[in-house]
Amino acid sequence: MTRVAFATVGCKVNQYETQVMRERLERAGFEIVSFPSFADVYIINTCSVTAGADRKSIYMIKQALKKNSLAKVIVTGCLVEAQPQIMMQKFPQIRIIKNVDKLKIDRFLLQKSRLNGDFTIRSFSNHDRAFVKVEDGCNQFCTYCRIPYVRGSKIRSRKPEEIIGEIKNLYNTGYREVVLTGVNLALYGRDFDSPFSLTNLLEKIIPSMGKDGRIRLSSLEPHLIPEGLLDLMATSPLICPHLHLSFQSGDDEILKKMGRRYTTSWLKELIDKFRQKVPELGVTGDIIIGFPGERENNFQNTLRFVKEVGFHRLHIFRFSPRPETPAFMMRPKVREGVKRERSKALKELALNLSQNFIYRFVGKALPVLIESKNDPDTGYPVGYTHNYIRVLICGGSKSLDKLRGKISLIEIVRSERGYALGSVLK
């Protein structure tokens, strides 16, 4: 039996697409092994959102070639989409598959594939929550971003019935949290002939989920959030009260240079509206530090904005110039040492804000999806609340093994920087 190993770099969309490839090859009769194992075929799903992602992708390619020099090494994803000729010159042994073709991976490994056009998933390898891609493509062309060039600027939304069927299968398999994701999730449905949005999709998904399940939204562009989402989040207990916003900066001058289509005052007003209707709302986000021209006053504005909003968790990216984008040639550049110091200061602020946010829930019971693996540092069982608080479970009389992969009520007993301590109620 032919052994196939996968490596994935990057976003939830990439992780979902790897799962589709994995399941299709399993159905075709291939044996899937872990990436460090000796394999006959290595498939690397690359990312190019930052220079760091480029380096990690290239490292994975080198590891595959080193592990078995006779293996087929197939490389797909955004790095080889952006630089196919450069990658072929660097690694003439590899075979490149474009993003639009990657899900048909079986056709590249078999002379004649008998698989039908089913590109849905039924499980999610090594995950306690399942990601479901609902959309591809982005037409926003922010000045720093390579995505429209490597993923396409045409919006491509999956049919609601296909998504619903996939979620039903995942729920029946045992997954109690499904995370909807896309290259630009908030654009879902914009390519349909009849008006249809992410809100409409959620309204159709909700009846297909059991009452012991929940739906989480991955990253959203603030200015593209569809009408009705706030009211639906406020009224449906199945939709997690959690907004992860790709807001990218807390300074209006930098936002304008980035090509972002909102101001900080508008964004704060939006978040305030959500919090008024969804009191338990957790707000997390993505932010870029060290964009060209970012002066100290711009950074101080960002610190103030993050503090005023009260983001309780941040994904902090140091600006990485991407070829083909307008920001690649922008000046003046911010020195790497300055980027590191600013990232460190922002991280410290975010940890303090997380402790403040979690403190609001001490003594309250929150629904937590208990994961199958324990926290590596403490050995405690771990999970996330509906509003995205990381909880280490250090008390409770019930056997936790029976609760793995399920959503259980956990009493928050203590607030720490970045996580809570909790005890099982039921």
# chains A, B, ... in the order shown; residues from 1 in each chain; ligands from 1
$ select_by_dssp --residues "segment 217-397 of chain A" --states "strand (DSSP E or B)" --output "PyMOL selection string"
chain A and resi 217+220+239+242-248+282-289+313-318+365-374+381-385+390-395
$ residues_around --residues "segment 9-16 of chain A" --least-positions-apart "6" --cutoff "12 Å" --atoms "only C-alpha atoms" --output "ChimeraX atom specification"
/A:22-23,43-61,75-79,99,102-103,119-127,129-137,147,151,178-185,217-219
$ write_last_selection --atoms "C-alpha atoms" --output "tab-separated table (two decimals), in the first residue's frame"
chain	number	residue	atom	x	y	z
A	22	ARG	CA	-6.35	13.19	3.09
A	23	GLU	CA	-9.86	11.71	3.04
A	43	ILE	CA	2.32	16.42	0.04
A	44	ILE	CA	3.18	19.87	1.38
A	45	ASN	CA	0.39	22.45	1.47
A	46	THR	CA	2.29	25.75	1.66
A	47	CYS	CA	1.55	29.29	2.82
A	48	SER	CA	2.98	32.66	1.78
A	49	VAL	CA	1.21	35.19	3.98
A	50	THR	CA	4.55	36.17	5.58
A	51	ALA	CA	8.25	35.56	4.95
A	52	GLY	CA	8.13	33.26	7.99
A	53	ALA	CA	5.47	31.14	6.30
A	54	ASP	CA	7.66	30.97	3.19
A	55	ARG	CA	10.60	29.73	5.28
A	56	LYS	CA	8.53	27.12	7.08
A	57	SER	CA	7.09	25.84	3.81
A	58	ILE	CA	10.56	25.52	2.28
A	59	TYR	CA	11.78	23.72	5.40
A	60	MET	CA	8.99	21.16	5.03
A	61	ILE	CA	9.93	20.56	1.39
A	75	VAL	CA	3.83	20.85	-3.35
A	76	THR	CA	0.70	22.98	-3.47
A	77	GLY	CA	-0.60	26.09	-1.71
A	78	CYS	CA	0.11	29.79	-1.86
A	79	LEU	CA	3.93	29.78	-1.88
A	99	ASN	CA	-4.61	25.74	-5.58
A	102	LYS	CA	-5.33	20.50	-5.12
A	103	LEU	CA	-8.59	18.89	-3.97
A	119	PHE	CA	-15.02	16.92	-1.84
A	120	THR	CA	-16.56	17.03	1.64
A	121	ILE	CA	-15.02	15.80	4.88
A	122	ARG	CA	-16.34	13.49	7.59
A	123	SER	CA	-13.70	14.04	10.27
A	124	PHE	CA	-10.76	16.31	11.11
A	125	SER	CA	-7.45	14.64	11.82
A	126	ASN	CA	-5.92	15.43	15.24
A	127	HIS	CA	-8.50	18.14	16.01
A	129	ARG	CA	-13.16	20.98	16.48
A	130	ALA	CA	-13.73	20.79	12.76
A	131	PHE	CA	-13.01	23.57	10.28
A	132	VAL	CA	-15.39	23.91	7.35
A	133	LYS	CA	-14.36	26.07	4.42
A	134	VAL	CA	-17.34	27.88	2.92
A	135	GLU	CA	-15.69	30.46	0.64
A	136	ASP	CA	-12.57	31.11	-1.43
A	137	GLY	CA	-11.12	34.27	-2.98
A	147	ILE	CA	-3.94	36.67	-0.99
A	151	ARG	CA	-6.06	32.68	-4.12
A	178	VAL	CA	-17.66	23.55	13.83
A	179	VAL	CA	-15.61	26.58	12.77
A	180	LEU	CA	-16.72	28.25	9.55
A	181	THR	CA	-13.79	29.61	7.62
A	182	GLY	CA	-12.92	31.15	4.28
A	183	VAL	CA	-10.25	33.18	2.53
A	184	ASN	CA	-12.53	36.15	3.29
A	185	LEU	CA	-15.39	34.63	5.26
A	217	LEU	CA	-16.88	32.02	13.04
A	218	SER	CA	-13.24	32.41	12.13
A	219	SER	CA	-11.67	35.70	11.10
$ residues_around --residues "Ile358 of chain A" --least-positions-apart "5" --cutoff "8 Å" --atoms "only C-alpha atoms" --output "PDB file with C-alpha atoms, in the first residue's frame"
ATOM      1  CA  ILE A 389     -11.368  31.898  26.909  1.00  0.00           C
ATOM      2  CA  SER A 415      -8.410  34.577  36.229  1.00  0.00           C
ATOM      3  CA  GLU A 416      -4.831  34.482  34.961  1.00  0.00           C
ATOM      4  CA  TYR A 419      -6.182  31.714  30.583  1.00  0.00           C
ATOM      5  CA  ALA A 420      -8.649  30.777  33.314  1.00  0.00           C
TER       6      ALA A 420
END
$ closest_atom_pairs --of "segment 117-172 of chain A" --to "segment 327-346 of chain A" --cutoff "10 Å" --atoms "only C-alpha atoms" --output "CSV"
residue,atom,partner,partner_atom,distance
A:Cys142,CA,A:Ala327,CA,8.9
A:Thr143,CA,A:Ala327,CA,5.3
A:Tyr144,CA,A:Ala327,CA,5.0
A:Cys145,CA,A:Ala327,CA,8.3
$ residues_around --residues "Glu294 of chain A" --least-positions-apart "4" --cutoff "8 Å" --atoms "only C-alpha atoms" --output "JSON, numbers by chain"
{"A": [254, 290, 298, 299, 334]}
$ closest_residue --among "A:Glu166, A:Glu296, A:Glu26, A:Glu280" --to "Ser208 of chain A" --atoms "only C-alpha atoms"
A:Glu166
$ select_by_dssp --residues "segment 178-336 of chain A" --states "helix (DSSP H, G or I)" --output "number ranges by chain"
A: 185-187, 198-208, 222-224, 229-235, 252-258, 264-277, 296-309, 326-329, 336
$ write_last_selection --atoms "C-alpha atoms" --output "PDB file, in the first residue's frame"
ATOM      1  CA  LEU A 185     -15.392  34.630   5.261  1.00  0.00           C
ATOM      2  CA  ALA A 186     -17.545  37.760   5.396  1.00  0.00           C
ATOM      3  CA  LEU A 187     -17.782  37.775   1.577  1.00  0.00           C
ATOM      4  CA  LEU A 198     -23.098  34.569   5.772  1.00  0.00           C
ATOM      5  CA  THR A 199     -26.053  35.427   8.017  1.00  0.00           C
ATOM      6  CA  ASN A 200     -28.417  33.545   5.695  1.00  0.00           C
ATOM      7  CA  LEU A 201     -26.049  30.572   5.692  1.00  0.00           C
ATOM      8  CA  LEU A 202     -25.977  30.486   9.496  1.00  0.00           C
ATOM      9  CA  GLU A 203     -29.782  30.596   9.609  1.00  0.00           C
ATOM     10  CA  LYS A 204     -29.844  27.466   7.447  1.00  0.00           C
ATOM     11  CA  ILE A 205     -27.081  25.702   9.414  1.00  0.00           C
ATOM     12  CA  ILE A 206     -28.593  26.187  12.883  1.00  0.00           C
ATOM     13  CA  PRO A 207     -31.413  23.602  12.486  1.00  0.00           C
ATOM     14  CA  SER A 208     -28.866  20.980  11.383  1.00  0.00           C
ATOM     15  CA  PRO A 222     -14.942  44.329  10.107  1.00  0.00           C
ATOM     16  CA  HIS A 223     -16.328  46.437   7.249  1.00  0.00           C
ATOM     17  CA  LEU A 224     -17.730  43.378   5.474  1.00  0.00           C
ATOM     18  CA  LEU A 229     -25.244  38.808  12.034  1.00  0.00           C
ATOM     19  CA  LEU A 230     -25.411  40.756  15.285  1.00  0.00           C
ATOM     20  CA  ASP A 231     -29.080  39.924  15.886  1.00  0.00           C
ATOM     21  CA  LEU A 232     -28.535  36.259  15.021  1.00  0.00           C
ATOM     22  CA  MET A 233     -25.555  35.992  17.378  1.00  0.00           C
ATOM     23  CA  ALA A 234     -27.621  37.630  20.115  1.00  0.00           C
ATOM     24  CA  THR A 235     -30.566  35.249  19.733  1.00  0.00           C
ATOM     25  CA  ASP A 252      -6.185  55.745  11.185  1.00  0.00           C
ATOM     26  CA  GLU A 253      -3.135  56.910   9.223  1.00  0.00           C
ATOM     27  CA  ILE A 254      -1.751  53.379   9.010  1.00  0.00           C
ATOM     28  CA  LEU A 255      -5.179  51.918   8.183  1.00  0.00           C
ATOM     29  CA  LYS A 256      -5.390  54.282   5.210  1.00  0.00           C
ATOM     30  CA  LYS A 257      -1.922  53.239   3.993  1.00  0.00           C
ATOM     31  CA  MET A 258      -2.974  49.599   4.338  1.00  0.00           C
ATOM     32  CA  THR A 264     -10.832  53.220  14.410  1.00  0.00           C
ATOM     33  CA  SER A 265     -13.831  55.228  15.660  1.00  0.00           C
ATOM     34  CA  TRP A 266     -16.148  53.347  13.285  1.00  0.00           C
ATOM     35  CA  LEU A 267     -14.676  50.012  14.382  1.00  0.00           C
ATOM     36  CA  LYS A 268     -15.056  50.803  18.089  1.00  0.00           C
ATOM     37  CA  GLU A 269     -18.673  51.782  17.508  1.00  0.00           C
ATOM     38  CA  LEU A 270     -19.278  48.474  15.713  1.00  0.00           C
ATOM     39  CA  ILE A 271     -17.799  46.454  18.589  1.00  0.00           C
ATOM     40  CA  ASP A 272     -19.798  48.469  21.132  1.00  0.00           C
ATOM     41  CA  LYS A 273     -23.005  47.604  19.249  1.00  0.00           C
ATOM     42  CA  PHE A 274     -22.183  43.900  19.400  1.00  0.00           C
ATOM     43  CA  ARG A 275     -21.351  44.088  23.105  1.00  0.00           C
ATOM     44  CA  GLN A 276     -24.604  45.875  23.918  1.00  0.00           C
ATOM     45  CA  LYS A 277     -26.602  42.992  22.460  1.00  0.00           C
ATOM     46  CA  GLU A 296       5.999  55.887  17.530  1.00  0.00           C
ATOM     47  CA  ASN A 297       2.858  58.036  17.729  1.00  0.00           C
ATOM     48  CA  ASN A 298       1.062  55.648  15.346  1.00  0.00           C
ATOM     49  CA  PHE A 299       2.020  52.723  17.567  1.00  0.00           C
ATOM     50  CA  GLN A 300       0.906  54.546  20.713  1.00  0.00           C
ATOM     51  CA  ASN A 301      -2.469  55.141  19.032  1.00  0.00           C
ATOM     52  CA  THR A 302      -2.685  51.405  18.391  1.00  0.00           C
ATOM     53  CA  LEU A 303      -1.903  50.602  22.024  1.00  0.00           C
ATOM     54  CA  ARG A 304      -4.631  53.003  23.182  1.00  0.00           C
ATOM     55  CA  PHE A 305      -7.131  51.575  20.740  1.00  0.00           C
ATOM     56  CA  VAL A 306      -6.454  47.969  21.772  1.00  0.00           C
ATOM     57  CA  LYS A 307      -6.840  48.953  25.426  1.00  0.00           C
ATOM     58  CA  GLU A 308     -10.057  50.916  24.840  1.00  0.00           C
ATOM     59  CA  VAL A 309     -11.658  48.078  22.892  1.00  0.00           C
ATOM     60  CA  PRO A 326       1.994  47.948  -3.152  1.00  0.00           C
ATOM     61  CA  ALA A 327       3.396  47.899   0.401  1.00  0.00           C
ATOM     62  CA  PHE A 328       6.488  46.040  -0.828  1.00  0.00           C
ATOM     63  CA  MET A 329       7.979  49.323  -2.054  1.00  0.00           C
ATOM     64  CA  GLU A 336      13.230  44.732  12.853  1.00  0.00           C
TER      65      GLU A 336
END
$ atom_distance --atom1 "atom CA of Ala7 of chain A" --atom2 "atom CA of Ala39 of chain A"
12.1 Å
$ closest_residue --among "A:Val150, A:Ile164, A:Val382, A:Leu403" --to "Ala82 of chain A" --atoms "only C-alpha atoms"
A:Val150
$ atom_distance --atom1 "atom CA of Ser246 of chain A" --atom2 "atom CA of Gln83 of chain A"
25.8 Å
$ residues_around --residues "Gly395 of chain A" --least-positions-apart "6" --cutoff "7 Å" --atoms "only C-alpha atoms" --output "list in words"
Gly422, Ser423 and Val424 of chain A
$ write_last_selection --atoms "N, CA and C atoms" --output "tab-separated table (two decimals), in the first residue's frame"
chain	number	residue	atom	x	y	z
A	422	GLY	N	-10.59	26.45	35.96
A	422	GLY	CA	-11.98	26.10	36.11
A	422	GLY	C	-12.21	24.75	36.73
A	423	SER	N	-13.45	24.52	37.12
A	423	SER	CA	-13.85	23.26	37.75
A	423	SER	C	-15.11	22.73	37.08
A	424	VAL	N	-15.16	21.41	36.88
A	424	VAL	CA	-16.29	20.80	36.16
A	424	VAL	C	-17.54	20.86	37.01
$ atom_distance --atom1 "atom CA of Asp128 of chain A" --atom2 "atom CA of Val33 of chain A"
19.3 Å
